[in-house]
Amino acid sequence: MPDILTKTLWDSRRSLAGFAVGTALVGAMYAGFYPQVADGAMGEAVDGFSPALREALNMEDIASAAGYLGSSVYGIIVPLIAVIYGIATGTRAIAGDEEAGYLDLLLAHPVGRTRLLLHRCAALAIGAFGLAALLLLAMLAVRPSAQLDTVSIGQFAAQSVALALLCTVFGAIAIAIGAATGSRAAALAGSAAIGVLAYATNTFASQIGADGLRYISPFHYYIGNEPLRNGFQWADLGILTAAVGVLVLIATAAFRRRDLTS
Amino acid sequence: MEEVIQLEKLTKTYGTRRGLLELDLAVANGEVFGYLGPNGAGKSTTIRLLLDHIRPTSGRARLFGRDPREDAVELHRRIGYLAGDFVVNPRQRVGECLTFLADLRGGVPRARIEELAARLDLDLAARIKALSKGNRQKVGLVQAFMHRPDLLILDEPTSGLDPLVQQTFLDLVREAKAAGQTVFMSSHIMTEVEAVADRVGIIREGRLVALDTVARLRDHARHRFEITFTGPIDQAALAALPGISDLTINGPTAGFALATDPNELITVLARHQVASLRASEPDLEELFFAYYRTTEAAKETARA
C-alpha cells in the first residue's frame, strides 16, 4: 500500500541517490589511495606530526588499512556527508514541509501526526542504511585492489551500520527540533551546530583533559571503539539506537502538542 | 437535525493578536454555508481549528459531534479540504499526487478522478510545477471532492480560477448539496457564495457580525430602483416612502434605493404613468460593504 513512508522515499529519491552515490564514490576514491599511503610516503609525513596531533586526527596507525580508513574515509569525509544527508532529510521531514505548506494538506487527511512523524523517521533511517550499504558495496569492490584485505567484510559492515545510525541520530535531532518549533531554520542551524560540537567534543576531549566528555558525543559511539579493527560494537550501536528512540519520542510529544505554523 | 459543525465560544489568540473571539456557530447536515470576510478576519483560523491544525485557546468545536483533536483521523476520513493556496510537492505528476492522496483515504476509483479532471480540463500527466496557479487549484478541487466526503471544508476555493472553472466549481458544490453533503466554504467573493449558499455568516475581526439565510439577508438589503415616468413625477410622494434613500430625479427618471418591501412604492406608482422600471437584485457584496461601513463609521465616531 502506498503510504507516507514510501511516498517520502520516492519523493526524495534524487537527493538520496545523489548523496549515496557521492558518498560511495568519495569513499572508494579515498580508499583507493591506501596503497600509496602504505608505501610509507604518508606515514613518514604523519611521523612528523606531534603525538597529540596524531591522536587528535586519529592517525596513530595510519599505515594499517584499518588505521587509514578510520582516520580518513570513515573518520572525516564519509561521516561528514552522511551527517549532512541526515540533517537535510530530517529538516525537510517536518519543519521544511511544514513551512512549504505541504503538511496542511497531509494532516487534513486521515493521517495522525504521530503516524506522519514515524513514517518520516523511518524514511530517514532507510535512506541512511541505503547510503551506508552502497558505500559498503563500493568499499568491498575496491578492497582487493586497494590492499584493504586486512579489514574483514564483517568489520566493514560493522562500521557501515554505525555510520547509518550516526546519520539517523543527526537526522532525528533535526526532526525533533523541527517538530518542536516548526522552523526550518531552527532545525537546520540547531542540528548543524550540535553536529559540529559533537564532532569537536569527540575529537578534542582528551586533548583538553576532559576525556569523559567524549561519551556525550554520538561520534564516539560511531567510531570510538574502532569497528574496523574490532568488529560490531553492540553496546555502541545500542546506545545510538536508543538515542534515536528518545529523540523520536521527544519529537512526537512536541509535534502532537503544538499548532502547525501557517 | 444533526449539526455537522458546532462551535461554542470558540476563541483563538496568537500571543496578543486576536484570531477568533467567542465564536458561536452551527452548520446543519446538508447545508451549504458561506463564510464571508476580508483577509485576516479569522476565516482561515476557524478552518484550521476545525481540521486540528491549530488548537483553540478556549471554547470548543465539534464536528459530527466529535472532537477535532481526539478524533482527528476518523473525522478526516469524512472531510474534504481545499486551501486557497493549495500547495503540494511540485516535482510530482498530477495523477501521481491524486492517487497518493486517494490512497491515504483508502482509495478512490480511477474513473472518479478522471471524470473530475476531465470536467475541470486538468491534465493528469502534467508535472505540477509546470501548471499555472489556476491549474494547481484544480488539483486541489479534485482531491477535495473525489472521495465524496460528508463535509467539504473549502477555504477561498476559487482563488486563481478563471470564470469558466468557477462555474464548474459551483456545479460541483450544487451536486454535493444534492447528494446530501455539507459544505462550509469561506470566501471574500460574495457572488460565488451567494449563488450556492443556504446561509451566510459574515466575520470581521474574529467576531461573527451577521448570520442569516441568503434570502433574508437579501430582504434587509437595499434594492436600487430606476423608474422612468411618462407624466410628471410626484417627488414628495416618493420622498415620503418609508426606507427610501439616495433619491435623485433626472428628467423623467427617478433613481433611489429602498430598504423595505416595495408595497408602498407600488401604491405610489399606481397613481403614475410608468414607462419603464428597473430594480436591481441586491448582491451580498453591497450588504457586505454595508456592514463594514457601519463598523468603520462606529470606529470613526468612537475616535472623534
# chains A, B, ... in the order shown; residues from 1 in each chain; ligands from 1
>>> residues_around(residues="segment 219-230 of chain A", least_positions_apart="4", cutoff="10 Å", atoms="only C-alpha atoms", output="PyMOL selection string")
chain A and resi 58+65-67+69-71+74-75+79+150-167+195+198-203+213-215+234-240
>>> interface_residues(of="chain B", to="chain A", cutoff="6 Å", atoms="only C-alpha atoms", output="PyMOL selection string")
chain B and resi 53-54+73+76-77+88
>>> write_last_selection(atoms="N, CA and C atoms", output="tab-separated table (two decimals), in the first residue's frame")
chain	number	residue	atom	x	y	z
B	53	HIS	N	-5.44	21.62	12.85
B	53	HIS	CA	-4.11	22.13	12.56
B	53	HIS	C	-3.64	23.03	13.70
B	54	ILE	N	-4.60	23.72	14.30
B	54	ILE	CA	-4.29	24.52	15.48
B	54	ILE	C	-5.34	24.20	16.55
B	73	VAL	N	-8.28	11.63	13.10
B	73	VAL	CA	-8.10	10.71	11.97
B	73	VAL	C	-9.46	10.23	11.46
B	76	HIS	N	-11.26	13.09	9.68
B	76	HIS	CA	-10.68	13.49	8.39
B	76	HIS	C	-11.07	12.55	7.25
B	77	ARG	N	-11.44	11.32	7.61
B	77	ARG	CA	-11.96	10.41	6.58
B	77	ARG	C	-13.23	10.97	5.93
B	88	VAL	N	1.43	21.44	-3.10
B	88	VAL	CA	1.98	20.10	-2.92
B	88	VAL	C	3.37	20.11	-3.54
>>> residues_around(residues="Ala93 of chain A", least_positions_apart="6", cutoff="12 Å", atoms="only C-alpha atoms", output="number ranges by chain")
A: 4-5, 7-9, 11-12, 85-87, 99-100, 102-103, 116-125, 171-179, 182-184, 187-188, 251
>>> residues_around(residues="Gln137 of chain B", least_positions_apart="2", cutoff="10 Å", atoms="only C-alpha atoms", output="list in words")
Leu82, Ala83, Gly84, Asp85, Phe86, Val87, Leu131, Ser132, Lys133, Gly134, Asn135, Val139, Gly140, Leu141, Val142, Gln143, Pro157, Thr158, Ser159, Gly160 and Leu161 of chain B
>>> write_last_selection(atoms="N, CA and C atoms", output="PDB file, in the first residue's frame")
ATOM      1  N   LEU B  82      -9.908  21.939   1.007  1.00  0.00           N
ATOM      2  CA  LEU B  82      -9.159  22.666  -0.017  1.00  0.00           C
ATOM      3  C   LEU B  82      -8.729  24.018   0.541  1.00  0.00           C
ATOM      4  N   ALA B  83      -7.431  24.270   0.483  1.00  0.00           N
ATOM      5  CA  ALA B  83      -6.912  25.562   0.915  1.00  0.00           C
ATOM      6  C   ALA B  83      -6.876  26.504  -0.279  1.00  0.00           C
ATOM      7  N   GLY B  84      -6.941  27.797  -0.002  1.00  0.00           N
ATOM      8  CA  GLY B  84      -6.903  28.788  -1.066  1.00  0.00           C
ATOM      9  C   GLY B  84      -5.580  28.767  -1.818  1.00  0.00           C
ATOM     10  N   ASP B  85      -4.513  28.492  -1.081  1.00  0.00           N
ATOM     11  CA  ASP B  85      -3.205  28.388  -1.735  1.00  0.00           C
ATOM     12  C   ASP B  85      -2.764  26.928  -1.682  1.00  0.00           C
ATOM     13  N   PHE B  86      -3.441  26.118  -2.470  1.00  0.00           N
ATOM     14  CA  PHE B  86      -3.174  24.677  -2.477  1.00  0.00           C
ATOM     15  C   PHE B  86      -1.745  24.418  -2.932  1.00  0.00           C
ATOM     16  N   VAL B  87      -0.919  23.832  -2.059  1.00  0.00           N
ATOM     17  CA  VAL B  87       0.460  23.525  -2.445  1.00  0.00           C
ATOM     18  C   VAL B  87       0.777  22.059  -2.156  1.00  0.00           C
ATOM     19  N   LEU B 131       2.346  23.619 -13.987  1.00  0.00           N
ATOM     20  CA  LEU B 131       0.969  24.130 -14.036  1.00  0.00           C
ATOM     21  C   LEU B 131       0.904  25.592 -13.594  1.00  0.00           C
ATOM     22  N   SER B 132      -0.079  26.295 -14.144  1.00  0.00           N
ATOM     23  CA  SER B 132      -0.353  27.656 -13.684  1.00  0.00           C
ATOM     24  C   SER B 132      -1.051  27.580 -12.329  1.00  0.00           C
ATOM     25  N   LYS B 133      -1.154  28.729 -11.668  1.00  0.00           N
ATOM     26  CA  LYS B 133      -1.800  28.770 -10.349  1.00  0.00           C
ATOM     27  C   LYS B 133      -3.222  28.219 -10.411  1.00  0.00           C
ATOM     28  N   GLY B 134      -3.941  28.612 -11.445  1.00  0.00           N
ATOM     29  CA  GLY B 134      -5.325  28.152 -11.592  1.00  0.00           C
ATOM     30  C   GLY B 134      -5.404  26.648 -11.763  1.00  0.00           C
ATOM     31  N   ASN B 135      -4.472  26.090 -12.546  1.00  0.00           N
ATOM     32  CA  ASN B 135      -4.495  24.645 -12.769  1.00  0.00           C
ATOM     33  C   ASN B 135      -4.088  23.867 -11.518  1.00  0.00           C
ATOM     34  N   VAL B 139      -6.196  20.876  -9.148  1.00  0.00           N
ATOM     35  CA  VAL B 139      -5.742  19.653  -8.470  1.00  0.00           C
ATOM     36  C   VAL B 139      -6.339  19.619  -7.065  1.00  0.00           C
ATOM     37  N   GLY B 140      -6.311  20.773  -6.418  1.00  0.00           N
ATOM     38  CA  GLY B 140      -6.887  20.879  -5.082  1.00  0.00           C
ATOM     39  C   GLY B 140      -8.382  20.571  -5.078  1.00  0.00           C
ATOM     40  N   LEU B 141      -9.088  21.076  -6.083  1.00  0.00           N
ATOM     41  CA  LEU B 141     -10.534  20.811  -6.167  1.00  0.00           C
ATOM     42  C   LEU B 141     -10.799  19.317  -6.329  1.00  0.00           C
ATOM     43  N   VAL B 142     -10.040  18.669  -7.203  1.00  0.00           N
ATOM     44  CA  VAL B 142     -10.260  17.240  -7.440  1.00  0.00           C
ATOM     45  C   VAL B 142     -10.038  16.467  -6.144  1.00  0.00           C
ATOM     46  N   GLN B 143      -8.925  16.746  -5.437  1.00  0.00           N
ATOM     47  CA  GLN B 143      -8.655  15.962  -4.227  1.00  0.00           C
ATOM     48  C   GLN B 143      -9.689  16.232  -3.129  1.00  0.00           C
ATOM     49  N   PRO B 157     -11.945  28.760  -2.071  1.00  0.00           N
ATOM     50  CA  PRO B 157     -11.698  27.696  -3.054  1.00  0.00           C
ATOM     51  C   PRO B 157     -11.459  28.180  -4.477  1.00  0.00           C
ATOM     52  N   THR B 158     -11.969  29.323  -4.841  1.00  0.00           N
ATOM     53  CA  THR B 158     -11.898  29.689  -6.258  1.00  0.00           C
ATOM     54  C   THR B 158     -10.771  30.660  -6.580  1.00  0.00           C
ATOM     55  N   SER B 159      -9.879  30.864  -5.612  1.00  0.00           N
ATOM     56  CA  SER B 159      -8.811  31.827  -5.901  1.00  0.00           C
ATOM     57  C   SER B 159      -7.957  31.325  -7.058  1.00  0.00           C
ATOM     58  N   GLY B 160      -7.778  32.164  -8.027  1.00  0.00           N
ATOM     59  CA  GLY B 160      -6.938  31.821  -9.171  1.00  0.00           C
ATOM     60  C   GLY B 160      -7.667  31.099 -10.290  1.00  0.00           C
ATOM     61  N   LEU B 161      -8.933  30.725 -10.066  1.00  0.00           N
ATOM     62  CA  LEU B 161      -9.663  30.011 -11.117  1.00  0.00           C
ATOM     63  C   LEU B 161     -10.280  31.004 -12.098  1.00  0.00           C
TER      64      LEU B 161
END
>>> atom_distance(atom1="atom CA of Asn89 of chain B", atom2="atom CA of Ile47 of chain B")
22.3 Å
>>> select_by_dssp(residues="segment 36-129 of chain B", states="strand (DSSP E or B)", output="list in words")
Leu36, Ser58, Gly59, Arg60, Ala61, Arg62, Leu63, Arg66, Ile79, Gly80, Tyr81, Leu82, Arg93 and Arg127 of chain B
>>> write_last_selection(atoms="C-alpha atoms", output="mmCIF file, in the first residue's frame")
data_model
loop_
_atom_site.group_PDB
_atom_site.id
_atom_site.type_symbol
_atom_site.label_atom_id
_atom_site.label_comp_id
_atom_site.auth_asym_id
_atom_site.auth_seq_id
_atom_site.Cartn_x
_atom_site.Cartn_y
_atom_site.Cartn_z
ATOM 1 C CA LEU B 36 -17.510 35.606 4.422
ATOM 2 C CA SER B 58 -10.798 28.404 24.828
ATOM 3 C CA GLY B 59 -14.248 27.275 23.844
ATOM 4 C CA ARG B 60 -14.784 24.190 21.770
ATOM 5 C CA ALA B 61 -15.515 22.918 18.313
ATOM 6 C CA ARG B 62 -17.433 19.771 17.403
ATOM 7 C CA LEU B 63 -17.581 18.041 14.043
ATOM 8 C CA ARG B 66 -16.864 14.692 17.906
ATOM 9 C CA ILE B 79 -13.824 15.583 5.267
ATOM 10 C CA GLY B 80 -12.550 17.011 2.014
ATOM 11 C CA TYR B 81 -10.374 20.081 2.426
ATOM 12 C CA LEU B 82 -9.159 22.666 -0.017
ATOM 13 C CA ARG B 93 2.774 14.450 -11.667
ATOM 14 C CA ARG B 127 4.013 17.841 -13.688
#
>>> select_by_dssp(residues="segment 49-154 of chain B", states="helix (DSSP H, G or I)", output="PyMOL selection string")
chain B and resi 49-50+72-77+94-104+110-120+128-130+133-145
>>> closest_residue(among="B:Leu122, B:Ala254, B:Leu265, B:Ala197", to="Val183 of chain B", atoms="only C-alpha atoms")
B:Ala197
